[in-house]
Amino acid sequence: MTPPQTPEPWLALDPARTALVLVDLMDRIVALPLEPYKGTEVLAVAQELAAAFRSAGAPVVMIRVERPGVTEQPSGSGLAAGLARESDLEIVKRTIGGFQGTGLDERLRQRGVDTLVFGGIATNLGVESTARAAGDLGYQLVFVEDAMSALTEAEHQASVRLDFPRLGSVVAATEVGFTPRG
């Protein structure tokens with residue numbers, strides 16, 4: 001019996017110009033009651049995407065939030081265990097989005113990145129705010145629908161069905177792939 005064929009990815013990305021951006025995948029946020037995907041489901045998809053990006057030589061950006069003006073961050077404010085690698089770019093934000101005052105744009109431009117692939121929590125807050133700023137800065141945007149979730153399904157769906165298609169492409173994780181190196 002012939003094994004089933006893996007479908008070709010719908011979206012073939014250039015690893016030299018594309019970065020994966022994962023927003024707020026921190027224990028305290030992953031543990032929230034989320035919809036339509038549980039935080040652990042989002043984390044598992046994000047880990048698979050991150051491994052694929054690293055394998056292709058594409059940058060992986062981990063953005064996490066810290067509350068400004070406090071001496072100690074709440075428990076669970078680090079990135080989820082096992083998510084980040086030493087080669088990843090870790091960005092600490094103090095606003096909803098990941099660009100304001102973080103140097104993220106400069107660090108991406110230094111690497112020749114012009115396309116960003118998004119995942120994280122919450123779809124309609126950290127992910128959308130970071131993506132809107134990225135769009136304003138001229139990046140091409142891709143949203144991995146099953147690599148993000150929100151506090152309610154309605155919030156998630158509003159972003160992925162109404163807002164994100166106006167900003168870029170919405171895909172499933174299985175649709176993300178890379179152009180072969182020549």
# chains A, B, ... in the order shown; residues from 1 in each chain; ligands from 1
$ residues_around --residues "Gln100 of chain A" --least-positions-apart "2" --cutoff "12 Å" --atoms "only C-alpha atoms" --output "PDB file with N, CA and C atoms, in the first residue's frame"
ATOM      1  N   ILE A  63       8.067  37.094  21.361  1.00  0.00           N
ATOM      2  CA  ILE A  63       7.714  38.351  22.018  1.00  0.00           C
ATOM      3  C   ILE A  63       6.961  38.015  23.299  1.00  0.00           C
ATOM      4  N   VAL A  65       5.386  39.922  27.066  1.00  0.00           N
ATOM      5  CA  VAL A  65       5.026  41.192  27.693  1.00  0.00           C
ATOM      6  C   VAL A  65       5.544  41.243  29.124  1.00  0.00           C
ATOM      7  N   ILE A  91      12.079  39.320  22.360  1.00  0.00           N
ATOM      8  CA  ILE A  91      11.702  40.725  22.474  1.00  0.00           C
ATOM      9  C   ILE A  91      10.788  40.885  23.689  1.00  0.00           C
ATOM     10  N   VAL A  92      11.085  41.867  24.515  1.00  0.00           N
ATOM     11  CA  VAL A  92      10.227  42.182  25.657  1.00  0.00           C
ATOM     12  C   VAL A  92       9.492  43.465  25.339  1.00  0.00           C
ATOM     13  N   LYS A  93       8.165  43.390  25.380  1.00  0.00           N
ATOM     14  CA  LYS A  93       7.333  44.559  25.098  1.00  0.00           C
ATOM     15  C   LYS A  93       6.664  45.027  26.385  1.00  0.00           C
ATOM     16  N   ARG A  94       6.294  46.277  26.394  1.00  0.00           N
ATOM     17  CA  ARG A  94       5.590  46.839  27.546  1.00  0.00           C
ATOM     18  C   ARG A  94       4.300  47.531  27.115  1.00  0.00           C
ATOM     19  N   THR A  95       3.900  47.239  25.885  1.00  0.00           N
ATOM     20  CA  THR A  95       2.641  47.722  25.315  1.00  0.00           C
ATOM     21  C   THR A  95       1.926  46.510  24.713  1.00  0.00           C
ATOM     22  N   ILE A  96       0.779  46.707  24.114  1.00  0.00           N
ATOM     23  CA  ILE A  96       0.046  45.579  23.540  1.00  0.00           C
ATOM     24  C   ILE A  96       0.801  44.978  22.359  1.00  0.00           C
ATOM     25  N   GLY A  97       1.349  45.840  21.504  1.00  0.00           N
ATOM     26  CA  GLY A  97       2.074  45.373  20.327  1.00  0.00           C
ATOM     27  C   GLY A  97       3.564  45.223  20.569  1.00  0.00           C
ATOM     28  N   GLY A  98       4.218  44.473  19.688  1.00  0.00           N
ATOM     29  CA  GLY A  98       5.619  44.144  19.858  1.00  0.00           C
ATOM     30  C   GLY A  98       6.630  45.069  19.210  1.00  0.00           C
ATOM     31  N   THR A 102      10.821  48.593  21.141  1.00  0.00           N
ATOM     32  CA  THR A 102      11.532  47.326  21.362  1.00  0.00           C
ATOM     33  C   THR A 102      12.733  47.110  20.458  1.00  0.00           C
ATOM     34  N   GLY A 103      12.859  47.884  19.394  1.00  0.00           N
ATOM     35  CA  GLY A 103      13.940  47.671  18.436  1.00  0.00           C
ATOM     36  C   GLY A 103      13.683  46.505  17.490  1.00  0.00           C
ATOM     37  N   LEU A 104      12.477  45.941  17.517  1.00  0.00           N
ATOM     38  CA  LEU A 104      12.166  44.779  16.689  1.00  0.00           C
ATOM     39  C   LEU A 104      12.326  45.079  15.200  1.00  0.00           C
ATOM     40  N   ASP A 105      11.814  46.191  14.733  1.00  0.00           N
ATOM     41  CA  ASP A 105      11.913  46.527  13.309  1.00  0.00           C
ATOM     42  C   ASP A 105      13.372  46.550  12.864  1.00  0.00           C
ATOM     43  N   GLU A 106      14.227  47.207  13.604  1.00  0.00           N
ATOM     44  CA  GLU A 106      15.637  47.309  13.243  1.00  0.00           C
ATOM     45  C   GLU A 106      16.289  45.927  13.195  1.00  0.00           C
ATOM     46  N   GLY A 126      -2.485  41.118  21.377  1.00  0.00           N
ATOM     47  CA  GLY A 126      -1.051  41.160  21.089  1.00  0.00           C
ATOM     48  C   GLY A 126      -0.702  40.831  19.654  1.00  0.00           C
ATOM     49  N   SER A 129      -2.272  43.674  17.270  1.00  0.00           N
ATOM     50  CA  SER A 129      -1.591  44.951  17.454  1.00  0.00           C
ATOM     51  C   SER A 129      -0.186  44.921  16.845  1.00  0.00           C
ATOM     52  N   THR A 130       0.532  43.837  17.064  1.00  0.00           N
ATOM     53  CA  THR A 130       1.877  43.697  16.491  1.00  0.00           C
ATOM     54  C   THR A 130       1.799  43.642  14.970  1.00  0.00           C
ATOM     55  N   ALA A 131       0.828  42.927  14.454  1.00  0.00           N
ATOM     56  CA  ALA A 131       0.674  42.796  13.006  1.00  0.00           C
ATOM     57  C   ALA A 131       0.301  44.122  12.349  1.00  0.00           C
ATOM     58  N   ARG A 132      -0.577  44.877  12.974  1.00  0.00           N
ATOM     59  CA  ARG A 132      -0.954  46.172  12.392  1.00  0.00           C
ATOM     60  C   ARG A 132       0.261  47.097  12.286  1.00  0.00           C
ATOM     61  N   ALA A 133       1.080  47.121  13.330  1.00  0.00           N
ATOM     62  CA  ALA A 133       2.299  47.938  13.286  1.00  0.00           C
ATOM     63  C   ALA A 133       3.237  47.428  12.197  1.00  0.00           C
ATOM     64  N   ALA A 134       3.357  46.110  12.073  1.00  0.00           N
ATOM     65  CA  ALA A 134       4.216  45.528  11.038  1.00  0.00           C
ATOM     66  C   ALA A 134       3.726  45.909   9.648  1.00  0.00           C
ATOM     67  N   LEU A 137       4.689  49.281   8.759  1.00  0.00           N
ATOM     68  CA  LEU A 137       6.119  49.352   8.467  1.00  0.00           C
ATOM     69  C   LEU A 137       6.481  48.698   7.132  1.00  0.00           C
TER      70      LEU A 137
END
$ residues_around --residues "segment 72-76 of chain A" --least-positions-apart "6" --cutoff "10 Å" --atoms "only C-alpha atoms" --output "list in words"
Met26, Asp27, Arg28, Ile29, Val30, Ala31, Val65 and Glu66 of chain A
$ closest_atom_pairs --of "segment 27-139 of chain A" --to "segment 147-155 of chain A" --cutoff "6 Å" --atoms "only C-alpha atoms" --output "Markdown table"
| residue | atom | partner | partner_atom | distance |
| --- | --- | --- | --- | --- |
| A:Leu34 | CA | A:Leu151 | CA | 4.6 |
| A:Glu35 | CA | A:Glu153 | CA | 4.8 |
| A:Pro36 | CA | A:Glu153 | CA | 5.1 |
| A:Tyr37 | CA | A:Ser149 | CA | 5.6 |
| A:Val42 | CA | A:Ala147 | CA | 4.8 |
| A:Val45 | CA | A:Ala147 | CA | 5.5 |
| A:Ala46 | CA | A:Ala147 | CA | 5.7 |
| A:Gly119 | CA | A:Ala147 | CA | 4.8 |
| A:Gly120 | CA | A:Met148 | CA | 4.6 |
| A:Ile121 | CA | A:Ser149 | CA | 5.5 |
| A:Ala122 | CA | A:Ala150 | CA | 4.5 |
| A:Thr123 | CA | A:Ala150 | CA | 5.2 |
$ atom_distance --atom1 "atom CA of Glu128 of chain A" --atom2 "atom CA of Ser159 of chain A"
7.3 Å
$ closest_residue --among "A:Thr115, A:Gln157, A:Ser169, A:Asn124" --to "Val144 of chain A" --atoms "only C-alpha atoms"
A:Ser169
$ residues_around --residues "Ala19 of chain A" --least-positions-apart "4" --cutoff "8 Å" --atoms "only C-alpha atoms" --output "MDAnalysis selection string"
chainID A and resid 15 53 58:61 113 115:117
$ write_last_selection --atoms "N, CA and C atoms" --output "mmCIF file, in the first residue's frame"
data_model
loop_
_atom_site.group_PDB
_atom_site.id
_atom_site.type_symbol
_atom_site.label_atom_id
_atom_site.label_comp_id
_atom_site.auth_asym_id
_atom_site.auth_seq_id
_atom_site.Cartn_x
_atom_site.Cartn_y
_atom_site.Cartn_z
ATOM 1 N N PRO A 15 12.991 31.428 3.251
ATOM 2 C CA PRO A 15 13.490 31.477 4.627
ATOM 3 C C PRO A 15 14.490 32.607 4.879
ATOM 4 N N PHE A 53 10.803 26.518 11.058
ATOM 5 C CA PHE A 53 11.501 27.755 10.696
ATOM 6 C C PHE A 53 12.992 27.638 10.992
ATOM 7 N N ALA A 58 15.287 30.116 8.965
ATOM 8 C CA ALA A 58 14.520 31.359 9.087
ATOM 9 C C ALA A 58 14.478 31.787 10.554
ATOM 10 N N PRO A 59 14.525 33.093 10.813
ATOM 11 C CA PRO A 59 14.502 33.573 12.198
ATOM 12 C C PRO A 59 13.176 33.290 12.903
ATOM 13 N N VAL A 60 13.293 33.058 14.205
ATOM 14 C CA VAL A 60 12.136 32.886 15.076
ATOM 15 C C VAL A 60 12.197 33.983 16.124
ATOM 16 N N VAL A 61 11.104 34.739 16.238
ATOM 17 C CA VAL A 61 11.018 35.850 17.190
ATOM 18 C C VAL A 61 10.008 35.490 18.267
ATOM 19 N N VAL A 113 14.662 40.610 6.664
ATOM 20 C CA VAL A 113 13.306 40.083 6.743
ATOM 21 C C VAL A 113 12.300 41.097 6.194
ATOM 22 N N THR A 115 8.916 39.569 5.454
ATOM 23 C CA THR A 115 7.670 38.830 5.611
ATOM 24 C C THR A 115 7.608 38.257 7.021
ATOM 25 N N LEU A 116 6.464 38.436 7.681
ATOM 26 C CA LEU A 116 6.280 37.946 9.043
ATOM 27 C C LEU A 116 5.123 36.967 9.096
ATOM 28 N N VAL A 117 5.345 35.847 9.763
ATOM 29 C CA VAL A 117 4.332 34.815 9.961
ATOM 30 C C VAL A 117 3.978 34.839 11.443
#
$ closest_residue --among "A:Val171, A:Ala12, A:Ala44, A:Leu25" --to "Val127 of chain A" --atoms "only C-alpha atoms"
A:Leu25
$ select_by_dssp --residues "segment 110-167 of chain A" --states "helix (DSSP H, G or I)" --output "ChimeraX atom specification"
/A:110,123-136,153-167
$ atom_distance --atom1 "atom CA of Tyr139 of chain A" --atom2 "atom CA of Asp114 of chain A"
5.1 Å
$ residues_around --residues "Ala56 of chain A" --least-positions-apart "2" --cutoff "12 Å" --atoms "only C-alpha atoms" --output "ChimeraX atom specification"
/A:12-20,49-54,58-60,176-181
$ select_by_dssp --residues "segment 30-169 of chain A" --states "strand (DSSP E)" --output "list in words"
Val60, Val61, Met62, Ile63, Arg64, Val65, Leu89, Glu90, Ile91, Val92, Lys93, Thr115, Leu116, Val117, Phe118, Gly119, Gly120, Ile121, Gln140, Leu141, Val142, Phe143, Val144, Glu145, Asp146, Ala147, Met148, Ser149 and Ser169 of chain A
$ write_last_selection --atoms "N, CA and C atoms" --output "PDB file, in the first residue's frame"
ATOM      1  N   VAL A  60      13.293  33.058  14.205  1.00  0.00           N
ATOM      2  CA  VAL A  60      12.136  32.886  15.076  1.00  0.00           C
ATOM      3  C   VAL A  60      12.197  33.983  16.124  1.00  0.00           C
ATOM      4  N   VAL A  61      11.104  34.739  16.238  1.00  0.00           N
ATOM      5  CA  VAL A  61      11.018  35.850  17.190  1.00  0.00           C
ATOM      6  C   VAL A  61      10.008  35.490  18.267  1.00  0.00           C
ATOM      7  N   MET A  62      10.441  35.566  19.514  1.00  0.00           N
ATOM      8  CA  MET A  62       9.559  35.325  20.649  1.00  0.00           C
ATOM      9  C   MET A  62       9.313  36.659  21.337  1.00  0.00           C
ATOM     10  N   ILE A  63       8.067  37.094  21.361  1.00  0.00           N
ATOM     11  CA  ILE A  63       7.714  38.351  22.018  1.00  0.00           C
ATOM     12  C   ILE A  63       6.961  38.015  23.299  1.00  0.00           C
ATOM     13  N   ARG A  64       7.367  38.635  24.384  1.00  0.00           N
ATOM     14  CA  ARG A  64       6.637  38.458  25.639  1.00  0.00           C
ATOM     15  C   ARG A  64       6.445  39.823  26.283  1.00  0.00           C
ATOM     16  N   VAL A  65       5.386  39.922  27.066  1.00  0.00           N
ATOM     17  CA  VAL A  65       5.026  41.192  27.693  1.00  0.00           C
ATOM     18  C   VAL A  65       5.544  41.243  29.124  1.00  0.00           C
ATOM     19  N   LEU A  89      15.278  35.185  18.616  1.00  0.00           N
ATOM     20  CA  LEU A  89      15.301  36.583  19.016  1.00  0.00           C
ATOM     21  C   LEU A  89      14.185  36.787  20.034  1.00  0.00           C
ATOM     22  N   GLU A  90      14.526  37.164  21.265  1.00  0.00           N
ATOM     23  CA  GLU A  90      13.512  37.409  22.288  1.00  0.00           C
ATOM     24  C   GLU A  90      13.314  38.904  22.451  1.00  0.00           C
ATOM     25  N   ILE A  91      12.079  39.320  22.360  1.00  0.00           N
ATOM     26  CA  ILE A  91      11.702  40.725  22.474  1.00  0.00           C
ATOM     27  C   ILE A  91      10.788  40.885  23.689  1.00  0.00           C
ATOM     28  N   VAL A  92      11.085  41.867  24.515  1.00  0.00           N
ATOM     29  CA  VAL A  92      10.227  42.182  25.657  1.00  0.00           C
ATOM     30  C   VAL A  92       9.492  43.465  25.339  1.00  0.00           C
ATOM     31  N   LYS A  93       8.165  43.390  25.380  1.00  0.00           N
ATOM     32  CA  LYS A  93       7.333  44.559  25.098  1.00  0.00           C
ATOM     33  C   LYS A  93       6.664  45.027  26.385  1.00  0.00           C
ATOM     34  N   THR A 115       8.916  39.569   5.454  1.00  0.00           N
ATOM     35  CA  THR A 115       7.670  38.830   5.611  1.00  0.00           C
ATOM     36  C   THR A 115       7.608  38.257   7.021  1.00  0.00           C
ATOM     37  N   LEU A 116       6.464  38.436   7.681  1.00  0.00           N
ATOM     38  CA  LEU A 116       6.280  37.946   9.043  1.00  0.00           C
ATOM     39  C   LEU A 116       5.123  36.967   9.096  1.00  0.00           C
ATOM     40  N   VAL A 117       5.345  35.847   9.763  1.00  0.00           N
ATOM     41  CA  VAL A 117       4.332  34.815   9.961  1.00  0.00           C
ATOM     42  C   VAL A 117       3.978  34.839  11.443  1.00  0.00           C
ATOM     43  N   PHE A 118       2.687  35.027  11.753  1.00  0.00           N
ATOM     44  CA  PHE A 118       2.254  35.263  13.133  1.00  0.00           C
ATOM     45  C   PHE A 118       1.520  34.100  13.772  1.00  0.00           C
ATOM     46  N   GLY A 119       1.768  33.958  15.084  1.00  0.00           N
ATOM     47  CA  GLY A 119       1.007  33.098  15.962  1.00  0.00           C
ATOM     48  C   GLY A 119       1.073  33.703  17.354  1.00  0.00           C
ATOM     49  N   GLY A 120       0.235  33.238  18.271  1.00  0.00           N
ATOM     50  CA  GLY A 120       0.313  33.725  19.648  1.00  0.00           C
ATOM     51  C   GLY A 120      -1.046  33.934  20.278  1.00  0.00           C
ATOM     52  N   ILE A 121      -0.987  34.545  21.432  1.00  0.00           N
ATOM     53  CA  ILE A 121      -2.175  34.788  22.253  1.00  0.00           C
ATOM     54  C   ILE A 121      -2.103  36.233  22.758  1.00  0.00           C
ATOM     55  N   GLN A 140       5.160  42.133   4.700  1.00  0.00           N
ATOM     56  CA  GLN A 140       4.127  41.238   4.210  1.00  0.00           C
ATOM     57  C   GLN A 140       3.709  40.376   5.397  1.00  0.00           C
ATOM     58  N   LEU A 141       2.418  40.104   5.551  1.00  0.00           N
ATOM     59  CA  LEU A 141       1.924  39.427   6.741  1.00  0.00           C
ATOM     60  C   LEU A 141       1.204  38.118   6.417  1.00  0.00           C
ATOM     61  N   VAL A 142       1.486  37.120   7.261  1.00  0.00           N
ATOM     62  CA  VAL A 142       0.834  35.822   7.175  1.00  0.00           C
ATOM     63  C   VAL A 142       0.362  35.477   8.581  1.00  0.00           C
ATOM     64  N   PHE A 143      -0.867  35.006   8.693  1.00  0.00           N
ATOM     65  CA  PHE A 143      -1.455  34.670   9.992  1.00  0.00           C
ATOM     66  C   PHE A 143      -1.786  33.181  10.015  1.00  0.00           C
ATOM     67  N   VAL A 144      -1.201  32.459  10.972  1.00  0.00           N
ATOM     68  CA  VAL A 144      -1.464  31.026  11.093  1.00  0.00           C
ATOM     69  C   VAL A 144      -2.616  30.862  12.078  1.00  0.00           C
ATOM     70  N   GLU A 145      -3.803  30.646  11.534  1.00  0.00           N
ATOM     71  CA  GLU A 145      -5.038  30.663  12.313  1.00  0.00           C
ATOM     72  C   GLU A 145      -5.034  29.674  13.473  1.00  0.00           C
ATOM     73  N   ASP A 146      -4.478  28.497  13.291  1.00  0.00           N
ATOM     74  CA  ASP A 146      -4.479  27.492  14.348  1.00  0.00           C
ATOM     75  C   ASP A 146      -3.276  27.599  15.286  1.00  0.00           C
ATOM     76  N   ALA A 147      -2.503  28.656  15.130  1.00  0.00           N
ATOM     77  CA  ALA A 147      -1.382  28.938  16.036  1.00  0.00           C
ATOM     78  C   ALA A 147      -1.690  30.154  16.897  1.00  0.00           C
ATOM     79  N   MET A 148      -2.981  30.453  17.043  1.00  0.00           N
ATOM     80  CA  MET A 148      -3.389  31.590  17.875  1.00  0.00           C
ATOM     81  C   MET A 148      -4.768  31.329  18.450  1.00  0.00           C
ATOM     82  N   SER A 149      -5.092  32.049  19.513  1.00  0.00           N
ATOM     83  CA  SER A 149      -6.397  31.920  20.149  1.00  0.00           C
ATOM     84  C   SER A 149      -6.667  33.195  20.943  1.00  0.00           C
ATOM     85  N   SER A 169      -2.345  37.278   4.503  1.00  0.00           N
ATOM     86  CA  SER A 169      -2.911  35.961   4.211  1.00  0.00           C
ATOM     87  C   SER A 169      -3.182  35.207   5.502  1.00  0.00           C
TER      88      SER A 169
END
$ closest_residue --among "A:Leu167, A:Ala172, A:Leu32, A:Ala80" --to "Gly135 of chain A" --atoms "only C-alpha atoms"
A:Leu167
